[in-house]
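Text of the file coords.pdb, holding PDB, N, CA and C atoms:
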MODEL        1
ATOM      1  N   MET A   1      -3.995 -17.552   2.322
ATOM      2  CA  MET A   1      -3.403 -16.689   3.330
ATOM      3  C   MET A   1      -2.743 -17.543   4.396
ATOM      4  N   SER A   2      -1.706 -17.008   4.961
ATOM      5  CA  SER A   2      -1.023 -17.753   6.004
ATOM      6  C   SER A   2      -1.791 -17.645   7.315
ATOM      7  N   ARG A   3      -1.547 -18.586   8.161
ATOM      8  CA  ARG A   3      -2.223 -18.635   9.453
ATOM      9  C   ARG A   3      -1.922 -17.374  10.264
ATOM     10  N   LYS A   4      -0.670 -16.925  10.248
ATOM     11  CA  LYS A   4      -0.314 -15.729  11.013
ATOM     12  C   LYS A   4      -1.073 -14.508  10.498
ATOM     13  N   PHE A   5      -1.187 -14.395   9.180
ATOM     14  CA  PHE A   5      -1.922 -13.263   8.627
ATOM     15  C   PHE A   5      -3.391 -13.355   9.001
ATOM     16  N   ASP A   6      -3.980 -14.544   8.905
ATOM     17  CA  ASP A   6      -5.385 -14.726   9.278
ATOM     18  C   ASP A   6      -5.621 -14.295  10.721
ATOM     19  N   ASP A   7      -4.716 -14.692  11.600
ATOM     20  CA  ASP A   7      -4.831 -14.312  13.011
ATOM     21  C   ASP A   7      -4.729 -12.798  13.177
ATOM     22  N   PHE A   8      -3.770 -12.188  12.463
ATOM     23  CA  PHE A   8      -3.588 -10.745  12.533
ATOM     24  C   PHE A   8      -4.832 -10.033  12.014
ATOM     25  N   LEU A   9      -5.359 -10.502  10.876
ATOM     26  CA  LEU A   9      -6.538  -9.884  10.284
ATOM     27  C   LEU A   9      -7.719  -9.960  11.242
ATOM     28  N   GLN A  10      -7.945 -11.118  11.813
ATOM     29  CA  GLN A  10      -9.067 -11.266  12.748
ATOM     30  C   GLN A  10      -8.912 -10.345  13.951
ATOM     31  N   GLU A  11      -7.693 -10.183  14.402
ATOM     32  CA  GLU A  11      -7.432  -9.279  15.525
ATOM     33  C   GLU A  11      -7.755  -7.831  15.130
ATOM     34  N   GLN A  12      -7.309  -7.430  13.943
ATOM     35  CA  GLN A  12      -7.544  -6.064  13.474
ATOM     36  C   GLN A  12      -9.032  -5.794  13.241
ATOM     37  N   LEU A  13      -9.758  -6.799  12.790
ATOM     38  CA  LEU A  13     -11.176  -6.623  12.490
ATOM     39  C   LEU A  13     -12.037  -6.479  13.735
ATOM     40  N   GLN A  14     -11.438  -6.626  14.898
ATOM     41  CA  GLN A  14     -12.170  -6.377  16.141
ATOM     42  C   GLN A  14     -12.452  -4.885  16.318
ATOM     43  N   ASP A  15     -11.626  -4.057  15.680
ATOM     44  CA  ASP A  15     -11.806  -2.603  15.720
ATOM     45  C   ASP A  15     -12.937  -2.253  14.748
ATOM     46  N   PRO A  16     -14.037  -1.654  15.221
ATOM     47  CA  PRO A  16     -15.184  -1.360  14.350
ATOM     48  C   PRO A  16     -14.838  -0.477  13.149
ATOM     49  N   GLU A  17     -13.943   0.470  13.301
ATOM     50  CA  GLU A  17     -13.568   1.343  12.177
ATOM     51  C   GLU A  17     -12.813   0.570  11.108
ATOM     52  N   ILE A  18     -11.902  -0.286  11.537
ATOM     53  CA  ILE A  18     -11.144  -1.103  10.580
ATOM     54  C   ILE A  18     -12.091  -2.075   9.881
ATOM     55  N   ARG A  19     -12.984  -2.694  10.641
ATOM     56  CA  ARG A  19     -13.948  -3.632  10.058
ATOM     57  C   ARG A  19     -14.802  -2.930   9.007
ATOM     58  N   LYS A  20     -15.266  -1.715   9.295
ATOM     59  CA  LYS A  20     -16.110  -0.967   8.356
ATOM     60  C   LYS A  20     -15.358  -0.705   7.052
ATOM     61  N   GLU A  21     -14.110  -0.275   7.136
ATOM     62  CA  GLU A  21     -13.313  -0.004   5.937
ATOM     63  C   GLU A  21     -13.024  -1.290   5.169
ATOM     64  N   TYR A  22     -12.687  -2.353   5.883
ATOM     65  CA  TYR A  22     -12.410  -3.645   5.260
ATOM     66  C   TYR A  22     -13.630  -4.122   4.489
ATOM     67  N   GLU A  23     -14.795  -4.040   5.099
ATOM     68  CA  GLU A  23     -16.022  -4.493   4.452
ATOM     69  C   GLU A  23     -16.380  -3.609   3.257
ATOM     70  N   ALA A  24     -16.056  -2.323   3.335
ATOM     71  CA  ALA A  24     -16.336  -1.417   2.223
ATOM     72  C   ALA A  24     -15.497  -1.770   0.993
ATOM     73  N   LEU A  25     -14.327  -2.356   1.193
ATOM     74  CA  LEU A  25     -13.445  -2.724   0.086
ATOM     75  C   LEU A  25     -13.741  -4.107  -0.497
ATOM     76  N   GLN A  26     -14.585  -4.868   0.152
ATOM     77  CA  GLN A  26     -14.841  -6.243  -0.293
ATOM     78  C   GLN A  26     -15.331  -6.334  -1.736
ATOM     79  N   PRO A  27     -16.277  -5.494  -2.187
ATOM     80  CA  PRO A  27     -16.709  -5.621  -3.592
ATOM     81  C   PRO A  27     -15.557  -5.435  -4.580
ATOM     82  N   GLU A  28     -14.688  -4.469  -4.313
ATOM     83  CA  GLU A  28     -13.541  -4.229  -5.191
ATOM     84  C   GLU A  28     -12.618  -5.446  -5.209
ATOM     85  N   HIS A  29     -12.351  -5.997  -4.036
ATOM     86  CA  HIS A  29     -11.482  -7.172  -3.957
ATOM     87  C   HIS A  29     -12.113  -8.376  -4.652
ATOM     88  N   THR A  30     -13.420  -8.485  -4.568
ATOM     89  CA  THR A  30     -14.116  -9.584  -5.229
ATOM     90  C   THR A  30     -13.979  -9.481  -6.750
ATOM     91  N   VAL A  31     -14.117  -8.273  -7.290
ATOM     92  CA  VAL A  31     -13.959  -8.076  -8.738
ATOM     93  C   VAL A  31     -12.538  -8.426  -9.160
ATOM     94  N   ILE A  32     -11.561  -7.937  -8.408
ATOM     95  CA  ILE A  32     -10.156  -8.205  -8.738
ATOM     96  C   ILE A  32      -9.885  -9.702  -8.730
ATOM     97  N   GLN A  33     -10.306 -10.379  -7.660
ATOM     98  CA  GLN A  33     -10.038 -11.814  -7.559
ATOM     99  C   GLN A  33     -10.773 -12.576  -8.652
ATOM    100  N   SER A  34     -11.978 -12.134  -8.999
ATOM    101  CA  SER A  34     -12.733 -12.787 -10.076
ATOM    102  C   SER A  34     -12.016 -12.657 -11.410
ATOM    103  N   MET A  35     -11.433 -11.477 -11.676
ATOM    104  CA  MET A  35     -10.674 -11.282 -12.924
ATOM    105  C   MET A  35      -9.480 -12.228 -12.970
ATOM    106  N   ILE A  36      -8.745 -12.281 -11.879
ATOM    107  CA  ILE A  36      -7.554 -13.138 -11.817
ATOM    108  C   ILE A  36      -7.947 -14.603 -11.987
ATOM    109  N   ASP A  37      -8.975 -15.032 -11.256
ATOM    110  CA  ASP A  37      -9.413 -16.431 -11.323
ATOM    111  C   ASP A  37      -9.879 -16.795 -12.733
ATOM    112  N   ALA A  38     -10.626 -15.890 -13.377
ATOM    113  CA  ALA A  38     -11.123 -16.159 -14.728
ATOM    114  C   ALA A  38      -9.967 -16.279 -15.712
ATOM    115  N   ARG A  39      -8.992 -15.381 -15.595
ATOM    116  CA  ARG A  39      -7.847 -15.431 -16.516
ATOM    117  C   ARG A  39      -7.080 -16.733 -16.336
ATOM    118  N   LYS A  40      -6.845 -17.106 -15.095
ATOM    119  CA  LYS A  40      -6.111 -18.346 -14.837
ATOM    120  C   LYS A  40      -6.909 -19.561 -15.301
ATOM    121  N   LYS A  41      -8.220 -19.536 -15.072
ATOM    122  CA  LYS A  41      -9.071 -20.651 -15.506
ATOM    123  C   LYS A  41      -9.034 -20.800 -17.021
ATOM    124  N   SER A  42      -8.923 -19.672 -17.717
ATOM    125  CA  SER A  42      -8.854 -19.728 -19.174
ATOM    126  C   SER A  42      -7.470 -20.142 -19.657
ATOM    127  N   GLY A  43      -6.515 -20.249 -18.725
ATOM    128  CA  GLY A  43      -5.164 -20.688 -19.076
ATOM    129  C   GLY A  43      -4.344 -19.620 -19.766
ATOM    130  N   MET A  44      -4.696 -18.368 -19.544
ATOM    131  CA  MET A  44      -4.022 -17.272 -20.237
ATOM    132  C   MET A  44      -3.104 -16.486 -19.309
ATOM    133  N   THR A  45      -2.055 -15.961 -19.905
ATOM    134  CA  THR A  45      -1.205 -15.012 -19.198
ATOM    135  C   THR A  45      -1.781 -13.619 -19.433
ATOM    136  N   GLN A  46      -1.303 -12.662 -18.666
ATOM    137  CA  GLN A  46      -1.717 -11.280 -18.901
ATOM    138  C   GLN A  46      -1.337 -10.846 -20.314
ATOM    139  N   LYS A  47      -0.163 -11.253 -20.755
ATOM    140  CA  LYS A  47       0.305 -10.882 -22.087
ATOM    141  C   LYS A  47      -0.621 -11.440 -23.165
ATOM    142  N   GLU A  48      -1.012 -12.693 -23.039
ATOM    143  CA  GLU A  48      -1.907 -13.301 -24.019
ATOM    144  C   GLU A  48      -3.266 -12.605 -24.028
ATOM    145  N   LEU A  49      -3.775 -12.300 -22.846
ATOM    146  CA  LEU A  49      -5.053 -11.612 -22.754
ATOM    147  C   LEU A  49      -4.957 -10.218 -23.373
ATOM    148  N   ALA A  50      -3.839  -9.570 -23.163
ATOM    149  CA  ALA A  50      -3.611  -8.239 -23.749
ATOM    150  C   ALA A  50      -3.626  -8.309 -25.272
ATOM    151  N   GLU A  51      -2.984  -9.315 -25.823
ATOM    152  CA  GLU A  51      -2.924  -9.455 -27.279
ATOM    153  C   GLU A  51      -4.314  -9.672 -27.876
ATOM    154  N   ILE A  52      -5.144 -10.445 -27.199
ATOM    155  CA  ILE A  52      -6.484 -10.748 -27.702
ATOM    156  C   ILE A  52      -7.421  -9.549 -27.561
ATOM    157  N   THR A  53      -7.325  -8.840 -26.435
ATOM    158  CA  THR A  53      -8.279  -7.761 -26.145
ATOM    159  C   THR A  53      -7.842  -6.388 -26.638
ATOM    160  N   GLY A  54      -6.550  -6.228 -26.886
ATOM    161  CA  GLY A  54      -6.045  -4.907 -27.245
ATOM    162  C   GLY A  54      -5.855  -4.002 -26.046
ATOM    163  N   ILE A  55      -6.015  -4.562 -24.855
ATOM    164  CA  ILE A  55      -5.768  -3.818 -23.612
ATOM    165  C   ILE A  55      -4.321  -4.072 -23.234
ATOM    166  N   ALA A  56      -3.576  -3.027 -22.971
ATOM    167  CA  ALA A  56      -2.155  -3.175 -22.656
ATOM    168  C   ALA A  56      -1.952  -4.095 -21.458
ATOM    169  N   GLN A  57      -0.908  -4.943 -21.549
ATOM    170  CA  GLN A  57      -0.600  -5.870 -20.452
ATOM    171  C   GLN A  57      -0.379  -5.108 -19.152
ATOM    172  N   GLY A  58       0.249  -3.956 -19.227
ATOM    173  CA  GLY A  58       0.472  -3.146 -18.030
ATOM    174  C   GLY A  58      -0.833  -2.696 -17.396
ATOM    175  N   ASP A  59      -1.819  -2.398 -18.234
ATOM    176  CA  ASP A  59      -3.131  -2.001 -17.722
ATOM    177  C   ASP A  59      -3.847  -3.183 -17.068
ATOM    178  N   ILE A  60      -3.720  -4.363 -17.654
ATOM    179  CA  ILE A  60      -4.305  -5.562 -17.049
ATOM    180  C   ILE A  60      -3.652  -5.817 -15.695
ATOM    181  N   SER A  61      -2.347  -5.646 -15.631
ATOM    182  CA  SER A  61      -1.624  -5.816 -14.376
ATOM    183  C   SER A  61      -2.131  -4.830 -13.322
ATOM    184  N   LYS A  62      -2.318  -3.581 -13.713
ATOM    185  CA  LYS A  62      -2.829  -2.566 -12.772
ATOM    186  C   LYS A  62      -4.216  -2.948 -12.258
ATOM    187  N   LEU A  63      -5.056  -3.453 -13.152
ATOM    188  CA  LEU A  63      -6.394  -3.875 -12.736
ATOM    189  C   LEU A  63      -6.308  -5.013 -11.723
ATOM    190  N   GLU A  64      -5.441  -5.981 -11.999
ATOM    191  CA  GLU A  64      -5.322  -7.138 -11.116
ATOM    192  C   GLU A  64      -4.662  -6.793  -9.778
ATOM    193  N   ARG A  65      -3.889  -5.715  -9.752
ATOM    194  CA  ARG A  65      -3.279  -5.265  -8.493
ATOM    195  C   ARG A  65      -4.200  -4.329  -7.719
ATOM    196  N   GLY A  66      -5.265  -3.889  -8.355
ATOM    197  CA  GLY A  66      -6.169  -2.950  -7.702
ATOM    198  C   GLY A  66      -5.696  -1.512  -7.803
ATOM    199  N   SER A  67      -4.770  -1.258  -8.725
ATOM    200  CA  SER A  67      -4.240   0.095  -8.913
ATOM    201  C   SER A  67      -5.070   0.909  -9.893
ATOM    202  N   ALA A  68      -6.070   0.298 -10.505
ATOM    203  CA  ALA A  68      -6.931   0.988 -11.457
ATOM    204  C   ALA A  68      -8.334   0.402 -11.338
ATOM    205  N   ASN A  69      -9.315   1.209 -11.660
ATOM    206  CA  ASN A  69     -10.706   0.756 -11.611
ATOM    207  C   ASN A  69     -11.222   0.558 -13.028
ATOM    208  N   PRO A  70     -11.629  -0.667 -13.360
ATOM    209  CA  PRO A  70     -12.092  -0.919 -14.720
ATOM    210  C   PRO A  70     -13.518  -0.422 -14.946
ATOM    211  N   SER A  71     -13.785  -0.006 -16.160
ATOM    212  CA  SER A  71     -15.162   0.315 -16.542
ATOM    213  C   SER A  71     -15.865  -1.008 -16.860
ATOM    214  N   ILE A  72     -17.169  -0.948 -16.951
ATOM    215  CA  ILE A  72     -17.917  -2.149 -17.336
ATOM    216  C   ILE A  72     -17.506  -2.571 -18.740
ATOM    217  N   ARG A  73     -17.287  -1.599 -19.613
ATOM    218  CA  ARG A  73     -16.854  -1.916 -20.983
ATOM    219  C   ARG A  73     -15.525  -2.685 -20.963
ATOM    220  N   THR A  74     -14.589  -2.260 -20.122
ATOM    221  CA  THR A  74     -13.298  -2.962 -20.023
ATOM    222  C   THR A  74     -13.499  -4.370 -19.493
ATOM    223  N   LEU A  75     -14.336  -4.519 -18.486
ATOM    224  CA  LEU A  75     -14.613  -5.856 -17.944
ATOM    225  C   LEU A  75     -15.241  -6.749 -19.012
ATOM    226  N   GLN A  76     -16.112  -6.170 -19.847
ATOM    227  CA  GLN A  76     -16.724  -6.944 -20.931
ATOM    228  C   GLN A  76     -15.676  -7.381 -21.955
ATOM    229  N   ARG A  77     -14.755  -6.499 -22.285
ATOM    230  CA  ARG A  77     -13.682  -6.847 -23.236
ATOM    231  C   ARG A  77     -12.812  -7.962 -22.674
ATOM    232  N   LEU A  78     -12.489  -7.863 -21.396
ATOM    233  CA  LEU A  78     -11.672  -8.906 -20.763
ATOM    234  C   LEU A  78     -12.411 -10.243 -20.774
ATOM    235  N   ALA A  79     -13.675 -10.207 -20.394
ATOM    236  CA  ALA A  79     -14.472 -11.442 -20.365
ATOM    237  C   ALA A  79     -14.537 -12.072 -21.757
ATOM    238  N   LYS A  80     -14.827 -11.259 -22.768
ATOM    239  CA  LYS A  80     -14.918 -11.775 -24.141
ATOM    240  C   LYS A  80     -13.586 -12.365 -24.586
ATOM    241  N   GLY A  81     -12.496 -11.708 -24.230
ATOM    242  CA  GLY A  81     -11.174 -12.204 -24.580
ATOM    243  C   GLY A  81     -10.858 -13.556 -23.962
ATOM    244  N   MET A  82     -11.511 -13.846 -22.836
ATOM    245  CA  MET A  82     -11.305 -15.128 -22.163
ATOM    246  C   MET A  82     -12.383 -16.141 -22.537
ATOM    247  N   GLY A  83     -13.245 -15.755 -23.486
ATOM    248  CA  GLY A  83     -14.325 -16.661 -23.892
ATOM    249  C   GLY A  83     -15.408 -16.773 -22.842
ATOM    250  N   MET A  84     -15.626 -15.700 -22.105
ATOM    251  CA  MET A  84     -16.610 -15.694 -21.025
ATOM    252  C   MET A  84     -17.555 -14.509 -21.215
ATOM    253  N   ILE A  85     -18.595 -14.485 -20.398
ATOM    254  CA  ILE A  85     -19.475 -13.332 -20.363
ATOM    255  C   ILE A  85     -19.346 -12.687 -18.992
ATOM    256  N   LEU A  86     -19.611 -11.400 -18.943
ATOM    257  CA  LEU A  86     -19.577 -10.669 -17.687
ATOM    258  C   LEU A  86     -20.947 -10.749 -17.042
ATOM    259  N   LYS A  87     -20.977 -11.110 -15.778
ATOM    260  CA  LYS A  87     -22.229 -11.176 -15.035
ATOM    261  C   LYS A  87     -22.059 -10.330 -13.781
ATOM    262  N   ILE A  88     -22.913  -9.336 -13.636
ATOM    263  CA  ILE A  88     -22.914  -8.494 -12.443
ATOM    264  C   ILE A  88     -24.274  -8.660 -11.798
ATOM    265  N   GLU A  89     -24.301  -8.834 -10.501
ATOM    266  CA  GLU A  89     -25.594  -9.004  -9.847
ATOM    267  C   GLU A  89     -25.652  -8.218  -8.555
ATOM    268  N   PHE A  90     -26.843  -7.848  -8.194
ATOM    269  CA  PHE A  90     -27.105  -7.198  -6.929
ATOM    270  C   PHE A  90     -27.784  -8.217  -6.035
ATOM    271  N   THR A  91     -27.325  -8.331  -4.818
ATOM    272  CA  THR A  91     -27.927  -9.262  -3.875
ATOM    273  C   THR A  91     -28.302  -8.496  -2.602
ATOM    274  N   PRO A  92     -29.322  -8.952  -1.909
ATOM    275  CA  PRO A  92     -29.727  -8.263  -0.682
ATOM    276  C   PRO A  92     -28.606  -8.298   0.369
ATOM    277  N   GLU A  93     -28.544  -7.224   1.130
ATOM    278  CA  GLU A  93     -27.585  -7.197   2.227
ATOM    279  C   GLU A  93     -28.034  -8.194   3.273
ATOM    280  N   GLN A  94     -27.075  -8.791   3.924
ATOM    281  CA  GLN A  94     -27.400  -9.686   5.022
ATOM    282  C   GLN A  94     -27.458  -8.856   6.301
ATOM    283  N   VAL A  95     -28.566  -8.913   6.958
ATOM    284  CA  VAL A  95     -28.762  -8.143   8.180
ATOM    285  C   VAL A  95     -28.500  -9.056   9.365
ATOM    286  N   SER A  96     -27.667  -8.597  10.279
ATOM    287  CA  SER A  96     -27.384  -9.367  11.481
ATOM    288  C   SER A  96     -28.583  -9.284  12.421
ATOM    289  N   VAL A  97     -29.014 -10.420  12.893
ATOM    290  CA  VAL A  97     -30.109 -10.470  13.840
ATOM    291  C   VAL A  97     -29.525 -10.735  15.212
ATOM    292  N   VAL A  98     -29.766  -9.817  16.120
ATOM    293  CA  VAL A  98     -29.266  -9.955  17.487
ATOM    294  C   VAL A  98     -30.368 -10.546  18.333
ATOM    295  N   LYS A  99     -30.060 -11.639  18.992
ATOM    296  CA  LYS A  99     -31.071 -12.293  19.854
ATOM    297  C   LYS A  99     -30.676 -12.183  21.292
TER     298      LYS A  99
ENDMDL
END
The structure given in the file should be rewritten as structure tokens.
Amino acid sequence: MSRKFDDFLQEQLQDPEIRKEYEALQPEHTVIQSMIDARKKSGMTQKELAEITGIAQGDISKLERGSANPSIRTLQRLAKGMGMILKIEFTPEQVSVVK
């Protein structure tokens, strides 16, 4: 991200309502970025991944843009196509301690 965007984002996140919505979207953004990073790490294009998995390249593009929500089955197919396994985990929420 550019410095100007980082500054703008930090300014916007001072608003509690914006911060709440931003934080609510973090899991979705994490999944999207993980898909993109895994595909790139495997050295594959969307087209190549589509050919291996049978998932249309346009659908992979929609997933990576956040325009569609993948099922766990779809995520498993994508992972297998990249020679990876899908790992989903639940972690405890971090509670802010005010002193």
* Asked: Exactly which residues make up the result of the PyMOL selection byres (((chain A and resi 47 and name CA) around 9) and name CA) on this file, given as a ChimeraX atom specification?
  -> /A:44-46,48-52,56-58,60
Those residues you just picked out, can you put them in a file as an mmCIF file, keeping the file's coordinate frame with N, CA and C atoms?
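The resulting file, out.cif, is shown below:
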data_model
loop_
_atom_site.group_PDB
_atom_site.id
_atom_site.type_symbol
_atom_site.label_atom_id
_atom_site.label_comp_id
_atom_site.auth_asym_id
_atom_site.auth_seq_id
_atom_site.Cartn_x
_atom_site.Cartn_y
_atom_site.Cartn_z
ATOM 1 N N MET A 44 -4.696 -18.368 -19.544
ATOM 2 C CA MET A 44 -4.022 -17.272 -20.237
ATOM 3 C C MET A 44 -3.104 -16.486 -19.309
ATOM 4 N N THR A 45 -2.055 -15.961 -19.905
ATOM 5 C CA THR A 45 -1.205 -15.012 -19.198
ATOM 6 C C THR A 45 -1.781 -13.619 -19.433
ATOM 7 N N GLN A 46 -1.303 -12.662 -18.666
ATOM 8 C CA GLN A 46 -1.717 -11.280 -18.901
ATOM 9 C C GLN A 46 -1.337 -10.846 -20.314
ATOM 10 N N GLU A 48 -1.012 -12.693 -23.039
ATOM 11 C CA GLU A 48 -1.907 -13.301 -24.019
ATOM 12 C C GLU A 48 -3.266 -12.605 -24.028
ATOM 13 N N LEU A 49 -3.775 -12.300 -22.846
ATOM 14 C CA LEU A 49 -5.053 -11.612 -22.754
ATOM 15 C C LEU A 49 -4.957 -10.218 -23.373
ATOM 16 N N ALA A 50 -3.839 -9.570 -23.163
ATOM 17 C CA ALA A 50 -3.611 -8.239 -23.749
ATOM 18 C C ALA A 50 -3.626 -8.309 -25.272
ATOM 19 N N GLU A 51 -2.984 -9.315 -25.823
ATOM 20 C CA GLU A 51 -2.924 -9.455 -27.279
ATOM 21 C C GLU A 51 -4.314 -9.672 -27.876
ATOM 22 N N ILE A 52 -5.144 -10.445 -27.199
ATOM 23 C CA ILE A 52 -6.484 -10.748 -27.702
ATOM 24 C C ILE A 52 -7.421 -9.549 -27.561
ATOM 25 N N ALA A 56 -3.576 -3.027 -22.971
ATOM 26 C CA ALA A 56 -2.155 -3.175 -22.656
ATOM 27 C C ALA A 56 -1.952 -4.095 -21.458
ATOM 28 N N GLN A 57 -0.908 -4.943 -21.549
ATOM 29 C CA GLN A 57 -0.600 -5.870 -20.452
ATOM 30 C C GLN A 57 -0.379 -5.108 -19.152
ATOM 31 N N GLY A 58 0.249 -3.956 -19.227
ATOM 32 C CA GLY A 58 0.472 -3.146 -18.030
ATOM 33 C C GLY A 58 -0.833 -2.696 -17.396
ATOM 34 N N ILE A 60 -3.720 -4.363 -17.654
ATOM 35 C CA ILE A 60 -4.305 -5.562 -17.049
ATOM 36 C C ILE A 60 -3.652 -5.817 -15.695
#
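Taking all atoms listed in the file into account, Thr53 (chain A) lies nearest to A:Leu78 out of the set A:Ile18, A:Leu25, A:Leu78, A:Ile72.
Going from atom C of Ala68 (chain A) over to atom N of Ile85 (chain A), you cover 20.2 Å.
The shell of residues at most 8 Å from Met35 (chain A), with only N, CA and C atoms counted and near chain neighbours (fewer than 5 positions) removed, consists of His29, Thr30, Lys40, Lys41, Leu63 and Glu64 of chain A.
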* Asked: Which one of A:Arg65, A:Lys4, A:Arg73, A:Lys87 sits closest to Ile36 (chain A) if you count only C-alpha atoms?
  ->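 Closest to Ile36 (chain A), using only C-alpha atoms: A:Arg65.
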* Asked: Separation of CA of Gln33 (chain A) and CA of Gly66 (chain A), in Å?
  ->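 So the two atoms, CA of Gln33 (chain A) and CA of Gly66 (chain A), lie 9.7 Å apart.
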* Would you mind reading off the distance between atom N of Asp15 (chain A) and CA of Phe90 (chain A), one decimal, in Å? =>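 Distance reported for this atom pair: 27.6 Å.
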* If you run DSSP on the backbone, which residues of chain A are helix (DSSP H, G or I), as a PyMOL selection string? -> chain A and resi 3-12+16-41+46-53+57-65+72-81
* To do: Choose the residue, out of A:Val95, A:Leu13, A:Ile32, A:Ala24, that has the smallest atom-to-atom separation from Lys62 (chain A); count only C-alpha atoms.
  => A:Ile32
Kindly list the centre and edge lengths in Å, rounded to one decimal, for the axis-aligned box that covers all listed atoms of region 9-23 of chain A plus 3 Å on each of its six sides, as AutoDock Vina command-line options.
--center_x -10.9 --center_y -5.0 --center_z 9.8 --size_x 17.0 --size_y 18.6 --size_z 19.1
* Which of these, A:Ala38, A:Phe8, A:Gly43, A:Thr91, has the shortest distance to Leu75 (chain A) once you count only C-alpha atoms? ->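 With only C-alpha atoms as the atom set, the closest residue is A:Ala38.
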